[in-house]
Protein chains: 2
Amino acid sequence: MPVNLSAPDPAQLRPVAGVRIGVAEAGIRKANRKDLTVFLLDEGASVAGVFTRNRFCAAPVQVCREHLARGAGIRAMVINTGNANAGTGAEGLVRARATCIAAARQLGLSPEQVLPFSTGVIMEPLPLERIEAGLPAALADARIDHWARAAEAIMTTDTVPKAASRRILIDGVPVTVTGISKGAGMIRPNMATMLGFVATDAAIAPELLPALVRQLADASFNSITIDGDTSTNDSFVLIATHQAAHARIDTLDSAAGRQLVAALTEVARELAQAIVRDGEGATKFITLRIEGGADEDECRRVGYAIAHSPLVKTAFFASDPNLGRILAAVGYAGIDDLDQTLIDLHLDDVHVATQGGRHPAYREEDGQRVMKQAEITVRVGLGRGNAAATLWTCDLSHDYVSINADYRS
Amino acid sequence: MPVNLSAPDPAQLRPVAGVRIGVAEAGIRKANRKDLTVFLLDEGASVAGVFTRNRFCAAPVQVCREHLARGAGIRAMVINTGNANAGTGAEGLVRARATCIAAARQLGLSPEQVLPFSTGVIMEPLPLERIEAGLPAALADARIDHWARAAEAIMTTDTVPKAASRRILIDGVPVTVTGISKGAGMIRPNMATMLGFVATDAAIAPELLPALVRQLADASFNSITIDGDTSTNDSFVLIATHQAAHARIDTLDSAAGRQLVAALTEVARELAQAIVRDGEGATKFITLRIEGGADEDECRRVGYAIAHSPLVKTAFFASDPNLGRILAAVGYAGIDDLDQTLIDLHLDDVHVATQGGRHPAYREEDGQRVMKQAEITVRVGLGRGNAAATLWTCDLSHDYVSINADYRS
């Protein structure tokens, strides 16, 4: 059961002018399942992406990086589920490129104008012939109002499709931001990958996109964690079609720029948080706010140490205010000169620890009350400076083990 | 159920001349449970230790470090279970020191000749008065043949007491190495700590001990992991009483030195591996052998990335040869210039992956066969150099979640 998350209302997902989406059942791993999605972008669209830092990155990630660097103008994206095309060696690269060639041929493009994405089983050959056979149906299906359909088609072990949409006015002109994502956890049957796609029709200088997509990722997809397993295929792509009729945004440090960044950040964050809410076996949605760090990096390290501690995660699952486990995780986060006598810990409004020890006024029933909630904020003060960071994670439940221990079927 | 581990036969645990051990029921957390242990060392014994790297280290760890640095000649150790005296602030330090003062008074020693160790609940005040009240009984119980009794008394959520013993001949003189340990996982009810104590009657230059204890720890307790949670209290102590009548060992780079190191390493490793075999919920004992690294440090990082991956651990629990998860963990271990096309993976004798992809001869049923075993060796080749490292870990099962999610009772 996802935590406070339900399927998006298709009527709320506004189309983005210049982006058409089609899906098909290609039978990549299972029959009768939408598993192939294409995005078609009008000429002139700009695309930027951030990809997994896993050195064992999947073949499609390598091809995406190449094609984005080529700068030929991306016009199509092909996304398959059921097979991650990771751990597939040189042949995997050949098949990722062949996917682009097949789409390019049918669309009258050059292959480097196509980006491939794969999510699913690792270490099995990509069934290229099924993707090639499925492409015509996916292309024929392309429409601007197919965002909800795509959110469903890119799911693997997600239990709920994930999509978000915002409309803002820039210079009185409506501008749309719409996106979809799919789940983290590299999961049964060996499903790999978090994918996120966000598009806007805003008119924005194309050279701003590469930095913008990194900024958005840091505020969203790079600030969540389910189980600490960085997938081989993680990808987040930002598309700008430039079709809205407002004056072009040439710097993000302008009123219009800030407006657009705010809307993009909201959408990216909602999509990222949806992944946590639908984390494998999740029963709690936990916000980790680390304050008082010497720099943001150490705040994030502390946050990840807490978020990845199986002991902390199982305590949340049990609604057990076993909060020494959080202090212990702070202690091993890798800050060598950490002074434990400055550490402060809040659970929502409850002051649990101060100066590295239990707060005199802390009562276990107060901790217990907060731990029973479905949404909890953990606030850690490091007492070292003014930097802060926020991460989102979930608990570790019996269902997580069941989901990941089931034999691939 | 621990993996291939049973309680030690007390008759096999040879006493170490110069070391007496007593235990008592002090009612620290629960009634009718041996929870207080004292080690009494003859005058002239040498002691060295390595302690948790957790910056949120427990009060007794801080006092141990101080007293060992003082060099007054350690003559006693006091170990309590039921309470970790961690996350207890300034008052925790006062109580750890008071424990030493109480023992010193009864033994006619100075407090800095006593080392305190605590394991149990975090963030609760150490019940000093119960320790003080229990000390006379523990001291009265002291005998040289109480190693098995101590192995039992230091247990927390361990299901089996852990002890090991070796006898070797140096210059024809019998030399004994005996030790005990207790479990990793920082656990219900919030139990913290891995503890290891190894003693020998070997005559060895005292100044060799500090480096020797680190060397032994690296080959044993620092090469295991259950869940990646570094406890606030981890301690490993090496005692040499020098009472054996062989010629004193003045360098480890001698026949006698190497003999002694080998026996000490065997005992320390057996004790460390016993902790993994009795890991919370463990059903598999896994040896990770990382080879072909540029240096040992990166081999260990890769090993820990695999050992800490919940996805890898649940796959072992399920006996599922879902081995792409191992490759993915190698990829995110933090080796920036890793070349995935050089990665090699064996599961026991089965060659799973070569050049970063599935080995042509690999068949899933072969992987399945190995995954069903209770003991499995994973061998990863990095193709970068000649360094190697070995780690030991266990799987992640439903029982791990149950043990750690149970409310502290």
# chains A, B, ... in the order shown; residues from 1 in each chain; ligands from 1
$ interface_residues --of "chain B" --to "chain A" --cutoff "6 Å" --atoms "only C-alpha atoms" --output "number ranges by chain"
B: 54-56, 87-89, 122-123, 314-315, 318, 320, 324, 328, 331-332, 340, 356-357, 398, 404-405, 407
$ atom_distance --atom1 "CA of Leu209 (chain B)" --atom2 "CA of Val63 (chain B)"
19.1 Å
$ select_by_dssp --residues "region 119-204 of chain A" --states "strand (DSSP E)" --output "PyMOL selection string"
chain A and resi 119-121+162-170+173-182+195-200
$ write_last_selection --atoms "C-alpha atoms" --output "mmCIF file, in the first residue's frame"
data_model
loop_
_atom_site.group_PDB
_atom_site.id
_atom_site.type_symbol
_atom_site.label_atom_id
_atom_site.label_comp_id
_atom_site.auth_asym_id
_atom_site.auth_seq_id
_atom_site.Cartn_x
_atom_site.Cartn_y
_atom_site.Cartn_z
ATOM 1 C CA THR A 119 14.018 -0.794 -17.319
ATOM 2 C CA GLY A 120 13.581 -4.367 -16.165
ATOM 3 C CA VAL A 121 15.637 -7.508 -15.766
ATOM 4 C CA LYS A 162 3.127 8.455 -11.157
ATOM 5 C CA ALA A 163 2.482 11.766 -12.871
ATOM 6 C CA ALA A 164 2.291 15.440 -11.968
ATOM 7 C CA SER A 165 1.349 18.602 -13.777
ATOM 8 C CA ARG A 166 1.349 22.353 -13.164
ATOM 9 C CA ARG A 167 0.170 25.343 -15.146
ATOM 10 C CA ILE A 168 1.585 28.796 -14.539
ATOM 11 C CA LEU A 169 1.246 32.126 -16.290
ATOM 12 C CA ILE A 170 4.385 33.796 -17.620
ATOM 13 C CA VAL A 173 0.774 33.332 -21.192
ATOM 14 C CA PRO A 174 -0.139 29.846 -19.901
ATOM 15 C CA VAL A 175 2.903 27.596 -19.549
ATOM 16 C CA THR A 176 2.598 23.882 -18.755
ATOM 17 C CA VAL A 177 4.922 21.535 -16.904
ATOM 18 C CA THR A 178 3.968 17.857 -16.937
ATOM 19 C CA GLY A 179 5.971 14.776 -16.029
ATOM 20 C CA ILE A 180 5.886 11.083 -15.227
ATOM 21 C CA SER A 181 8.158 8.808 -13.213
ATOM 22 C CA LYS A 182 8.585 5.201 -12.252
ATOM 23 C CA LEU A 195 12.976 6.991 -14.645
ATOM 24 C CA GLY A 196 11.686 10.545 -14.698
ATOM 25 C CA PHE A 197 10.550 12.592 -17.696
ATOM 26 C CA VAL A 198 9.435 16.199 -17.334
ATOM 27 C CA ALA A 199 8.392 18.412 -20.245
ATOM 28 C CA THR A 200 7.461 22.054 -20.523
#
$ closest_residue --among "B:Met77, B:Ala272, B:Leu126, B:Cys299" --to "Ile224 (chain B)" --atoms "only C-alpha atoms"
B:Ala272
$ decode --residues "region 247-294 of chain A" --atoms "N, CA and C atoms" --output "PDB file, in the first residue's frame"
ATOM      1  N   ALA A 247       7.810  35.904 -23.730  1.00  0.00           N
ATOM      2  CA  ALA A 247       9.170  36.321 -24.091  1.00  0.00           C
ATOM      3  C   ALA A 247      10.157  35.261 -23.608  1.00  0.00           C
ATOM      4  N   ARG A 248      11.142  34.892 -24.428  1.00  0.00           N
ATOM      5  CA  ARG A 248      12.049  33.809 -24.089  1.00  0.00           C
ATOM      6  C   ARG A 248      12.803  34.084 -22.778  1.00  0.00           C
ATOM      7  N   ILE A 249      12.936  33.072 -21.960  1.00  0.00           N
ATOM      8  CA  ILE A 249      13.682  33.186 -20.698  1.00  0.00           C
ATOM      9  C   ILE A 249      15.159  32.965 -21.015  1.00  0.00           C
ATOM     10  N   ASP A 250      15.964  34.004 -20.812  1.00  0.00           N
ATOM     11  CA  ASP A 250      17.389  33.884 -21.126  1.00  0.00           C
ATOM     12  C   ASP A 250      18.253  33.725 -19.893  1.00  0.00           C
ATOM     13  N   THR A 251      17.643  33.943 -18.724  1.00  0.00           N
ATOM     14  CA  THR A 251      18.361  33.672 -17.478  1.00  0.00           C
ATOM     15  C   THR A 251      17.360  33.179 -16.450  1.00  0.00           C
ATOM     16  N   LEU A 252      17.805  32.231 -15.619  1.00  0.00           N
ATOM     17  CA  LEU A 252      16.904  31.718 -14.582  1.00  0.00           C
ATOM     18  C   LEU A 252      16.783  32.720 -13.449  1.00  0.00           C
ATOM     19  N   ASP A 253      17.701  33.676 -13.433  1.00  0.00           N
ATOM     20  CA  ASP A 253      17.714  34.691 -12.390  1.00  0.00           C
ATOM     21  C   ASP A 253      16.852  35.888 -12.824  1.00  0.00           C
ATOM     22  N   SER A 254      15.606  35.584 -13.183  1.00  0.00           N
ATOM     23  CA  SER A 254      14.639  36.605 -13.590  1.00  0.00           C
ATOM     24  C   SER A 254      13.306  36.178 -12.996  1.00  0.00           C
ATOM     25  N   ALA A 255      12.338  37.070 -13.007  1.00  0.00           N
ATOM     26  CA  ALA A 255      11.034  36.715 -12.431  1.00  0.00           C
ATOM     27  C   ALA A 255      10.465  35.499 -13.155  1.00  0.00           C
ATOM     28  N   ALA A 256      10.478  35.542 -14.479  1.00  0.00           N
ATOM     29  CA  ALA A 256       9.917  34.425 -15.242  1.00  0.00           C
ATOM     30  C   ALA A 256      10.738  33.152 -15.025  1.00  0.00           C
ATOM     31  N   GLY A 257      12.053  33.323 -14.973  1.00  0.00           N
ATOM     32  CA  GLY A 257      12.935  32.168 -14.746  1.00  0.00           C
ATOM     33  C   GLY A 257      12.644  31.507 -13.406  1.00  0.00           C
ATOM     34  N   ARG A 258      12.522  32.332 -12.368  1.00  0.00           N
ATOM     35  CA  ARG A 258      12.248  31.778 -11.036  1.00  0.00           C
ATOM     36  C   ARG A 258      10.887  31.092 -10.994  1.00  0.00           C
ATOM     37  N   GLN A 259       9.919  31.685 -11.696  1.00  0.00           N
ATOM     38  CA  GLN A 259       8.578  31.089 -11.750  1.00  0.00           C
ATOM     39  C   GLN A 259       8.628  29.698 -12.377  1.00  0.00           C
ATOM     40  N   LEU A 260       9.363  29.630 -13.485  1.00  0.00           N
ATOM     41  CA  LEU A 260       9.456  28.346 -14.196  1.00  0.00           C
ATOM     42  C   LEU A 260      10.203  27.317 -13.346  1.00  0.00           C
ATOM     43  N   VAL A 261      11.311  27.741 -12.739  1.00  0.00           N
ATOM     44  CA  VAL A 261      12.084  26.806 -11.907  1.00  0.00           C
ATOM     45  C   VAL A 261      11.220  26.288 -10.768  1.00  0.00           C
ATOM     46  N   ALA A 262      10.404  27.183 -10.180  1.00  0.00           N
ATOM     47  CA  ALA A 262       9.554  26.752  -9.065  1.00  0.00           C
ATOM     48  C   ALA A 262       8.565  25.685  -9.530  1.00  0.00           C
ATOM     49  N   ALA A 263       7.953  25.901 -10.684  1.00  0.00           N
ATOM     50  CA  ALA A 263       6.971  24.923 -11.185  1.00  0.00           C
ATOM     51  C   ALA A 263       7.652  23.603 -11.541  1.00  0.00           C
ATOM     52  N   LEU A 264       8.805  23.695 -12.192  1.00  0.00           N
ATOM     53  CA  LEU A 264       9.545  22.475 -12.545  1.00  0.00           C
ATOM     54  C   LEU A 264       9.962  21.716 -11.287  1.00  0.00           C
ATOM     55  N   THR A 265      10.426  22.469 -10.272  1.00  0.00           N
ATOM     56  CA  THR A 265      10.864  21.823  -9.038  1.00  0.00           C
ATOM     57  C   THR A 265       9.691  21.131  -8.358  1.00  0.00           C
ATOM     58  N   GLU A 266       8.550  21.788  -8.343  1.00  0.00           N
ATOM     59  CA  GLU A 266       7.364  21.167  -7.736  1.00  0.00           C
ATOM     60  C   GLU A 266       7.007  19.856  -8.421  1.00  0.00           C
ATOM     61  N   VAL A 267       7.018  19.883  -9.735  1.00  0.00           N
ATOM     62  CA  VAL A 267       6.661  18.665 -10.470  1.00  0.00           C
ATOM     63  C   VAL A 267       7.709  17.574 -10.244  1.00  0.00           C
ATOM     64  N   ALA A 268       8.978  17.942 -10.361  1.00  0.00           N
ATOM     65  CA  ALA A 268      10.038  16.937 -10.187  1.00  0.00           C
ATOM     66  C   ALA A 268       9.996  16.352  -8.785  1.00  0.00           C
ATOM     67  N   ARG A 269       9.742  17.220  -7.790  1.00  0.00           N
ATOM     68  CA  ARG A 269       9.721  16.755  -6.407  1.00  0.00           C
ATOM     69  C   ARG A 269       8.507  15.857  -6.155  1.00  0.00           C
ATOM     70  N   GLU A 270       7.381  16.235  -6.712  1.00  0.00           N
ATOM     71  CA  GLU A 270       6.191  15.395  -6.532  1.00  0.00           C
ATOM     72  C   GLU A 270       6.412  14.015  -7.158  1.00  0.00           C
ATOM     73  N   LEU A 271       7.056  14.002  -8.326  1.00  0.00           N
ATOM     74  CA  LEU A 271       7.331  12.721  -8.993  1.00  0.00           C
ATOM     75  C   LEU A 271       8.319  11.884  -8.189  1.00  0.00           C
ATOM     76  N   ALA A 272       9.339  12.554  -7.635  1.00  0.00           N
ATOM     77  CA  ALA A 272      10.349  11.830  -6.851  1.00  0.00           C
ATOM     78  C   ALA A 272       9.741  11.306  -5.556  1.00  0.00           C
ATOM     79  N   GLN A 273       8.961  12.150  -4.888  1.00  0.00           N
ATOM     80  CA  GLN A 273       8.347  11.719  -3.631  1.00  0.00           C
ATOM     81  C   GLN A 273       7.340  10.599  -3.876  1.00  0.00           C
ATOM     82  N   ALA A 274       6.698  10.612  -5.033  1.00  0.00           N
ATOM     83  CA  ALA A 274       5.756   9.535  -5.351  1.00  0.00           C
ATOM     84  C   ALA A 274       6.485   8.191  -5.398  1.00  0.00           C
ATOM     85  N   ILE A 275       7.727   8.221  -5.865  1.00  0.00           N
ATOM     86  CA  ILE A 275       8.515   6.986  -5.914  1.00  0.00           C
ATOM     87  C   ILE A 275       8.761   6.458  -4.503  1.00  0.00           C
ATOM     88  N   VAL A 276       9.050   7.364  -3.576  1.00  0.00           N
ATOM     89  CA  VAL A 276       9.252   6.948  -2.181  1.00  0.00           C
ATOM     90  C   VAL A 276       7.933   6.446  -1.587  1.00  0.00           C
ATOM     91  N   ARG A 277       6.858   7.180  -1.833  1.00  0.00           N
ATOM     92  CA  ARG A 277       5.549   6.782  -1.281  1.00  0.00           C
ATOM     93  C   ARG A 277       5.140   5.402  -1.773  1.00  0.00           C
ATOM     94  N   ASP A 278       5.625   5.049  -2.965  1.00  0.00           N
ATOM     95  CA  ASP A 278       5.301   3.742  -3.544  1.00  0.00           C
ATOM     96  C   ASP A 278       6.518   2.824  -3.453  1.00  0.00           C
ATOM     97  N   GLY A 279       7.447   3.146  -2.551  1.00  0.00           N
ATOM     98  CA  GLY A 279       8.639   2.318  -2.365  1.00  0.00           C
ATOM     99  C   GLY A 279       8.227   0.902  -1.995  1.00  0.00           C
ATOM    100  N   GLU A 280       9.087  -0.029  -2.328  1.00  0.00           N
ATOM    101  CA  GLU A 280       8.724  -1.426  -2.120  1.00  0.00           C
ATOM    102  C   GLU A 280       8.431  -1.689  -0.653  1.00  0.00           C
ATOM    103  N   GLY A 281       7.204  -2.042  -0.376  1.00  0.00           N
ATOM    104  CA  GLY A 281       6.807  -2.396   0.988  1.00  0.00           C
ATOM    105  C   GLY A 281       6.652  -1.208   1.918  1.00  0.00           C
ATOM    106  N   ALA A 282       6.764   0.025   1.390  1.00  0.00           N
ATOM    107  CA  ALA A 282       6.740   1.204   2.264  1.00  0.00           C
ATOM    108  C   ALA A 282       5.425   1.334   3.018  1.00  0.00           C
ATOM    109  N   THR A 283       5.526   1.663   4.310  1.00  0.00           N
ATOM    110  CA  THR A 283       4.335   1.983   5.101  1.00  0.00           C
ATOM    111  C   THR A 283       4.438   3.382   5.705  1.00  0.00           C
ATOM    112  N   LYS A 284       5.650   3.995   5.618  1.00  0.00           N
ATOM    113  CA  LYS A 284       5.866   5.331   6.174  1.00  0.00           C
ATOM    114  C   LYS A 284       6.612   6.189   5.154  1.00  0.00           C
ATOM    115  N   PHE A 285       6.260   7.472   5.111  1.00  0.00           N
ATOM    116  CA  PHE A 285       6.982   8.437   4.284  1.00  0.00           C
ATOM    117  C   PHE A 285       7.754   9.347   5.236  1.00  0.00           C
ATOM    118  N   ILE A 286       9.061   9.324   5.116  1.00  0.00           N
ATOM    119  CA  ILE A 286       9.902   9.997   6.106  1.00  0.00           C
ATOM    120  C   ILE A 286      10.710  11.123   5.463  1.00  0.00           C
ATOM    121  N   THR A 287      10.595  12.312   6.037  1.00  0.00           N
ATOM    122  CA  THR A 287      11.389  13.449   5.596  1.00  0.00           C
ATOM    123  C   THR A 287      12.549  13.604   6.575  1.00  0.00           C
ATOM    124  N   LEU A 288      13.767  13.639   6.037  1.00  0.00           N
ATOM    125  CA  LEU A 288      14.954  13.816   6.877  1.00  0.00           C
ATOM    126  C   LEU A 288      15.491  15.212   6.626  1.00  0.00           C
ATOM    127  N   ARG A 289      15.522  16.009   7.666  1.00  0.00           N
ATOM    128  CA  ARG A 289      16.013  17.371   7.546  1.00  0.00           C
ATOM    129  C   ARG A 289      17.274  17.461   8.406  1.00  0.00           C
ATOM    130  N   ILE A 290      18.424  17.646   7.760  1.00  0.00           N
ATOM    131  CA  ILE A 290      19.687  17.707   8.484  1.00  0.00           C
ATOM    132  C   ILE A 290      20.155  19.153   8.468  1.00  0.00           C
ATOM    133  N   GLU A 291      20.332  19.736   9.627  1.00  0.00           N
ATOM    134  CA  GLU A 291      20.663  21.152   9.743  1.00  0.00           C
ATOM    135  C   GLU A 291      21.978  21.339  10.503  1.00  0.00           C
ATOM    136  N   GLY A 292      22.503  22.549  10.389  1.00  0.00           N
ATOM    137  CA  GLY A 292      23.688  22.883  11.184  1.00  0.00           C
ATOM    138  C   GLY A 292      24.959  22.214  10.711  1.00  0.00           C
ATOM    139  N   GLY A 293      24.999  21.830   9.425  1.00  0.00           N
ATOM    140  CA  GLY A 293      26.214  21.214   8.902  1.00  0.00           C
ATOM    141  C   GLY A 293      27.217  22.259   8.447  1.00  0.00           C
ATOM    142  N   ALA A 294      28.474  21.836   8.315  1.00  0.00           N
ATOM    143  CA  ALA A 294      29.496  22.742   7.799  1.00  0.00           C
ATOM    144  C   ALA A 294      29.270  22.986   6.307  1.00  0.00           C
TER     145      ALA A 294
END
